[in-house]
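The next block holds one structure in the form of structure tokens; read it before the comments.
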Amino acid sequence: MSTSEFSPVLFRLQRSELAVPGSNPGMIEKAAGSEADCVLLDCEDSVAPDQKSQARCTIISALHEIDWKEAGKTVSVRINGPESTHMERDVGRIIEKAGYHVDTLLIPKVGIPKHVHAVDGLISVAELAAGITHRIGLECMIETALGLVNVEAIAGLSYMPRSRLEALHFGVADFSASCQSRTLEIGETDHFWHPSLQRMLVACRAYGLRAIDGPYADITNPQGYINAAKGVAAMGFEGKWAIHPGQVKLANQVMSPTDAEVEQAQKILNALDQVQSSGQGAVSLDGKMIDAASGKMAANIINKSLAIAEKASG
């Protein structure tokens with residue numbers, strides 16, 4: 001194991017994450033037919049308190065009735081949070097009844113590593129009870145001040161033996177509330193949270209996790225969504241939530257390398273291959289010096305473009 005960085009966890013293409021209420025079967029069916037890389041079936045904030053039980057049943061039915069793999073979807077379920085009385089029932093019933101169709105569970109409002117351990121244990125029991133053999137992953141939402149204070153410890157769980165942890169998501173709405181920010185906007189104040197987004201991103205990269213940005217609430221403002229997505233994409237995030245089908249295409253577009261970026265990245269790799277064969281470590285390309293670090297940056301772009309092309313080809 002490297003002492004400078006951890007190897008990335010299981011790769012999943014996660015440019016767009018379409019969140020849908022688990023209580024709405026029609027929206028779930030439409031999500032399956034969308035262009036989203038990942039569909040998030042929600043048991044938490046988008047479901048009214050008196051609809052929690054029905055949402056679990058609806059999600060279980062949808063997991064069985066829809067061919068998610070044929071639709072090319074990663075399927076995640078956001079359970080209720082560690083402080084909720086619904087959490088144990090969400091994990092136990094959904095995994096025991098339909099766990100074969102679940103790729104990951106998303107834990108909201110993770111504040112301390114113990115929250116992740118608790119859900120991990122519940123999954124293990126449910127997997128055993130249902131005879132599930134594939135390993136269900138975990139993703140965590142960092143959306144409280146406590147969660148951000150402990151984000152490195154939470155991300156560090158990824159190097160524990162048989163860790164399920166794959167990704168962290170930044171939940172800007174609850175984070176704004178937790179910090180008592182004087183805003184009523186969701187997703188339009190990312191500049192307020194630039195240090196927080198950066199801290200979560202660095203924790204993800206240090207421990208090999210995917211970094212996903214949360215929602216943008218104004219579904220009538222596509223340019224605002226694009227601007228927010230471009231900001232986090234430039235930082236290094238690989239995905240963003242969509243809370244409306246119209247935002248999916250925008251997320252896929254912004255979170256994908258452009259043709260020009262791919263072309264330039266390939267030029268960098270080709271140039272480095274040529275000079276390294278002659279024993280040099282750096283070279284000038286288009287008036288700029290490039291070296292091994294440039295090669296790593298270019299490889300990131302090429303690898304992402306190849307994953308996107310692979311999905312597009314079916």
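Just remember, in the structure tokens the first chain shown is A, the second B, etc., residues are 1-based per chain, and ligands are 1-based in the order shown.
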
Discussion item. Let's see if you can do this: from backbone DSSP, list all strand (DSSP E or B) residues in range 109-264 of chain A, as JSON, numbers by chain.
Written reply: {"A": [137, 138, 139, 140, 141, 142, 165, 166, 167, 168, 169, 170, 210, 211, 212, 213, 239, 240, 241, 242]}

Selected residues, C-alpha atoms, written as an mmCIF file, in the first residue's frame, please.
data_model
loop_
_atom_site.group_PDB
_atom_site.id
_atom_site.type_symbol
_atom_site.label_atom_id
_atom_site.label_comp_id
_atom_site.auth_asym_id
_atom_site.auth_seq_id
_atom_site.Cartn_x
_atom_site.Cartn_y
_atom_site.Cartn_z
ATOM 1 C CA GLY A 137 -21.595 -0.588 -1.146
ATOM 2 C CA LEU A 138 -22.025 2.414 1.130
ATOM 3 C CA GLU A 139 -22.017 6.105 0.337
ATOM 4 C CA CYS A 140 -22.230 8.889 2.914
ATOM 5 C CA MET A 141 -23.686 12.372 2.868
ATOM 6 C CA ILE A 142 -21.591 15.077 4.491
ATOM 7 C CA LEU A 165 -17.434 2.756 1.596
ATOM 8 C CA GLU A 166 -17.296 4.079 -1.973
ATOM 9 C CA ALA A 167 -18.258 7.761 -2.090
ATOM 10 C CA LEU A 168 -19.063 10.936 -0.179
ATOM 11 C CA HIS A 169 -21.794 13.393 -1.216
ATOM 12 C CA PHE A 170 -22.006 17.045 -0.202
ATOM 13 C CA ARG A 210 -15.694 9.183 -5.372
ATOM 14 C CA ALA A 211 -16.786 12.785 -4.702
ATOM 15 C CA ILE A 212 -20.366 13.758 -5.624
ATOM 16 C CA ASP A 213 -21.999 17.174 -5.331
ATOM 17 C CA GLY A 239 -20.771 13.776 -10.338
ATOM 18 C CA LYS A 240 -23.717 15.917 -9.330
ATOM 19 C CA TRP A 241 -27.272 15.253 -8.244
ATOM 20 C CA ALA A 242 -30.260 15.894 -10.462
#

Discussion item. At a cut-off of 9 Å, using only C-alpha atoms, what residues contact range 260-262 of chain A? Leave out same-chain residues fewer than 2 positions from it and give the result as an MDAnalysis selection string.
Written reply: chainID A and resid 257:258 264:267 298 301:302 305

Just N, CA and C atoms for this one: save the residues we selected as a compact mmCIF listing (two decimals), in the first residue's frame.
# COMPACT_ATOMS: atom_id res chain seq x y z
N PRO A 257 -15.60 14.94 -19.98
CA PRO A 257 -14.56 15.72 -20.66
C PRO A 257 -15.02 16.12 -22.06
N THR A 258 -14.67 17.32 -22.47
CA THR A 258 -15.02 17.75 -23.83
C THR A 258 -14.09 17.07 -24.84
N GLN A 264 -6.45 17.10 -26.26
CA GLN A 264 -5.25 17.66 -25.68
C GLN A 264 -4.59 16.68 -24.71
N ALA A 265 -5.41 15.95 -23.96
CA ALA A 265 -4.86 14.96 -23.02
C ALA A 265 -4.10 13.88 -23.79
N GLN A 266 -4.64 13.45 -24.91
CA GLN A 266 -3.95 12.43 -25.70
C GLN A 266 -2.65 12.96 -26.28
N LYS A 267 -2.65 14.22 -26.69
CA LYS A 267 -1.41 14.84 -27.19
C LYS A 267 -0.33 14.85 -26.11
N ALA A 298 -3.56 14.13 -17.52
CA ALA A 298 -4.12 13.72 -18.81
C ALA A 298 -4.75 12.34 -18.74
N ILE A 301 -8.34 12.31 -17.52
CA ILE A 301 -9.31 12.69 -18.54
C ILE A 301 -9.55 11.55 -19.53
N ILE A 302 -8.50 10.91 -19.95
CA ILE A 302 -8.64 9.80 -20.90
C ILE A 302 -9.43 8.65 -20.28
N SER A 305 -13.08 9.49 -20.18
CA SER A 305 -13.69 9.45 -21.52
C SER A 305 -13.90 8.01 -21.99

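If you count only C-alpha atoms and ignore residues fewer than 4 places along the chain from Ser178 in chain A, what sits within 12 Å of it is Lys109, Gly111, Ile142, Glu143, Thr144, Ala145, Leu146, Gly147, Leu148, Gly171, Val172, Ala173, Asp174, Arg182 and Thr183 of chain A.
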
For the residues in the current selection, export N, CA, C and O atoms as a PDB file, in the first residue's frame.
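Output file result_33.pdb is given in full below:
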ATOM      1  N   LYS A 109     -26.695  12.514   6.600  1.00  0.00           N
ATOM      2  CA  LYS A 109     -26.343  13.143   7.876  1.00  0.00           C
ATOM      3  C   LYS A 109     -25.327  12.334   8.686  1.00  0.00           C
ATOM      4  O   LYS A 109     -25.456  12.169   9.904  1.00  0.00           O
ATOM      5  N   GLY A 111     -22.271  11.940  10.747  1.00  0.00           N
ATOM      6  CA  GLY A 111     -21.505  12.873  11.551  1.00  0.00           C
ATOM      7  C   GLY A 111     -20.230  12.293  12.126  1.00  0.00           C
ATOM      8  O   GLY A 111     -19.248  12.999  12.331  1.00  0.00           O
ATOM      9  N   ILE A 142     -22.184  14.120   3.562  1.00  0.00           N
ATOM     10  CA  ILE A 142     -21.591  15.077   4.491  1.00  0.00           C
ATOM     11  C   ILE A 142     -22.450  16.331   4.393  1.00  0.00           C
ATOM     12  O   ILE A 142     -22.392  17.080   3.407  1.00  0.00           O
ATOM     13  N   GLU A 143     -23.284  16.550   5.387  1.00  0.00           N
ATOM     14  CA  GLU A 143     -24.259  17.646   5.310  1.00  0.00           C
ATOM     15  C   GLU A 143     -24.517  18.296   6.664  1.00  0.00           C
ATOM     16  O   GLU A 143     -25.547  18.952   6.851  1.00  0.00           O
ATOM     17  N   THR A 144     -23.595  18.111   7.590  1.00  0.00           N
ATOM     18  CA  THR A 144     -23.672  18.787   8.877  1.00  0.00           C
ATOM     19  C   THR A 144     -22.280  19.279   9.241  1.00  0.00           C
ATOM     20  O   THR A 144     -21.267  18.798   8.725  1.00  0.00           O
ATOM     21  N   ALA A 145     -22.260  20.247  10.160  1.00  0.00           N
ATOM     22  CA  ALA A 145     -20.968  20.735  10.637  1.00  0.00           C
ATOM     23  C   ALA A 145     -20.169  19.605  11.273  1.00  0.00           C
ATOM     24  O   ALA A 145     -18.955  19.496  11.078  1.00  0.00           O
ATOM     25  N   LEU A 146     -20.844  18.737  12.024  1.00  0.00           N
ATOM     26  CA  LEU A 146     -20.158  17.609  12.658  1.00  0.00           C
ATOM     27  C   LEU A 146     -19.565  16.679  11.612  1.00  0.00           C
ATOM     28  O   LEU A 146     -18.441  16.180  11.762  1.00  0.00           O
ATOM     29  N   GLY A 147     -20.307  16.433  10.545  1.00  0.00           N
ATOM     30  CA  GLY A 147     -19.804  15.564   9.486  1.00  0.00           C
ATOM     31  C   GLY A 147     -18.553  16.116   8.836  1.00  0.00           C
ATOM     32  O   GLY A 147     -17.612  15.365   8.541  1.00  0.00           O
ATOM     33  N   LEU A 148     -18.525  17.436   8.609  1.00  0.00           N
ATOM     34  CA  LEU A 148     -17.346  18.020   7.980  1.00  0.00           C
ATOM     35  C   LEU A 148     -16.149  18.008   8.928  1.00  0.00           C
ATOM     36  O   LEU A 148     -15.018  17.766   8.501  1.00  0.00           O
ATOM     37  N   GLY A 171     -24.133  17.518   0.883  1.00  0.00           N
ATOM     38  CA  GLY A 171     -25.533  17.913   0.961  1.00  0.00           C
ATOM     39  C   GLY A 171     -25.653  19.363   1.389  1.00  0.00           C
ATOM     40  O   GLY A 171     -25.653  19.668   2.587  1.00  0.00           O
ATOM     41  N   VAL A 172     -25.776  20.259   0.419  1.00  0.00           N
ATOM     42  CA  VAL A 172     -25.654  21.685   0.710  1.00  0.00           C
ATOM     43  C   VAL A 172     -26.829  22.232   1.509  1.00  0.00           C
ATOM     44  O   VAL A 172     -26.659  23.164   2.310  1.00  0.00           O
ATOM     45  N   ALA A 173     -28.033  21.681   1.348  1.00  0.00           N
ATOM     46  CA  ALA A 173     -29.195  22.243   2.039  1.00  0.00           C
ATOM     47  C   ALA A 173     -29.088  22.043   3.548  1.00  0.00           C
ATOM     48  O   ALA A 173     -29.165  23.008   4.325  1.00  0.00           O
ATOM     49  N   ASP A 174     -28.918  20.796   3.961  1.00  0.00           N
ATOM     50  CA  ASP A 174     -28.792  20.537   5.390  1.00  0.00           C
ATOM     51  C   ASP A 174     -27.519  21.149   5.962  1.00  0.00           C
ATOM     52  O   ASP A 174     -27.481  21.560   7.125  1.00  0.00           O
ATOM     53  N   ARG A 182     -27.335  32.320   6.365  1.00  0.00           N
ATOM     54  CA  ARG A 182     -28.458  33.212   6.058  1.00  0.00           C
ATOM     55  C   ARG A 182     -28.793  33.130   4.571  1.00  0.00           C
ATOM     56  O   ARG A 182     -28.580  34.063   3.803  1.00  0.00           O
ATOM     57  N   THR A 183     -29.280  31.982   4.174  1.00  0.00           N
ATOM     58  CA  THR A 183     -29.726  31.773   2.801  1.00  0.00           C
ATOM     59  C   THR A 183     -30.887  30.804   2.803  1.00  0.00           C
ATOM     60  O   THR A 183     -30.996  29.953   3.696  1.00  0.00           O
TER      61      THR A 183
END

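Among the candidates A:Asp103, A:Glu44, A:Asp90, A:Glu152, the residue lying nearest to Trp68 in chain A is A:Asp103 (atoms considered: only C-alpha atoms).
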
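Here CA of Lys249 in chain A stands at a distance of 18.6 Å from CA of Leu306 in chain A.
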
Practice prompt. From the DSSP assignment of the backbone, select every residue of range 1-117 of chain A that is helix (DSSP H, G or I), and format the answer as a PyMOL selection string.
Written response: chain A and resi 25-32+49-65+87-101+113-117

Practice prompt. May I have the residues within 12 Å of Ile243 in chain A as number ranges by chain, using only C-alpha atoms and disregarding those fewer than 2 positions away in the same chain?
Written response: A: 16-21, 27, 31, 36, 39-42, 46, 186-187, 214-220, 225, 240-241, 245-251

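Neighbours of range 309-313 of chain A closer than or equal to 12 Å, with only C-alpha atoms counted and sequence neighbours fewer than 2 positions away skipped, come out as Arg12, Leu13, Gln14, Arg15, Glu35, Ala36, Asp37, Lys69, Glu70, Ala71, Gly72, Lys73, Thr74, Asn252, Ser256, Pro257, Asp259, Val262, Ile302, Asn303, Lys304, Ser305, Leu306 and Ala307 of chain A.
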
Worksheet item: Any idea what's packed within 7 Å of range 81-89 of chain A, counting only C-alpha atoms, ignoring anything in its chain fewer than 2 positions away? Could you give it as a PyMOL selection string?
Response: chain A and resi 79+91-93+107-109+115

Store the residues picked out above in a file with C-alpha atoms, as a PDB file, in the first residue's frame.
ATOM      1  CA  ILE A  79     -32.103   5.386   3.818  1.00  0.00           C
ATOM      2  CA  VAL A  91     -31.925  -1.353   5.750  1.00  0.00           C
ATOM      3  CA  GLY A  92     -33.391  -4.632   6.978  1.00  0.00           C
ATOM      4  CA  ARG A  93     -36.502  -4.765   4.821  1.00  0.00           C
ATOM      5  CA  ILE A 107     -26.476   7.253   4.505  1.00  0.00           C
ATOM      6  CA  PRO A 108     -27.627  10.834   5.149  1.00  0.00           C
ATOM      7  CA  LYS A 109     -26.343  13.143   7.876  1.00  0.00           C
ATOM      8  CA  HIS A 115     -22.823   5.989  12.011  1.00  0.00           C
TER       9      HIS A 115
END

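Among the candidate residues A:Ala126, A:Val77, A:Cys179, A:Ile66, the one lying nearest to Ile95 in chain A is A:Ala126, with distances computed using only C-alpha atoms.
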
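Computed from the coordinates, the CA of Asp120 in chain A to CA of Val9 in chain A distance equals 16.6 Å.
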
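As for CA of Val47 in chain A and CA of Arg78 in chain A, they are spaced 10.9 Å apart.
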
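Considering only C-alpha atoms, the residue among A:Arg205, A:His191, A:Arg56, A:His244 positioned nearest to Pro222 in chain A is A:His244.
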
Worksheet entry | Residue with smallest distance to Gly33 in chain A - pool A:Ile123, A:Asp67, A:Ser76, A:Ala153, counting only C-alpha atoms | A:Asp67

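Counting only C-alpha atoms and comparing A:Pro113, A:Gly295, A:Gly314, A:Gly26, the residue that lies closest to Val149 in chain A is A:Pro113.
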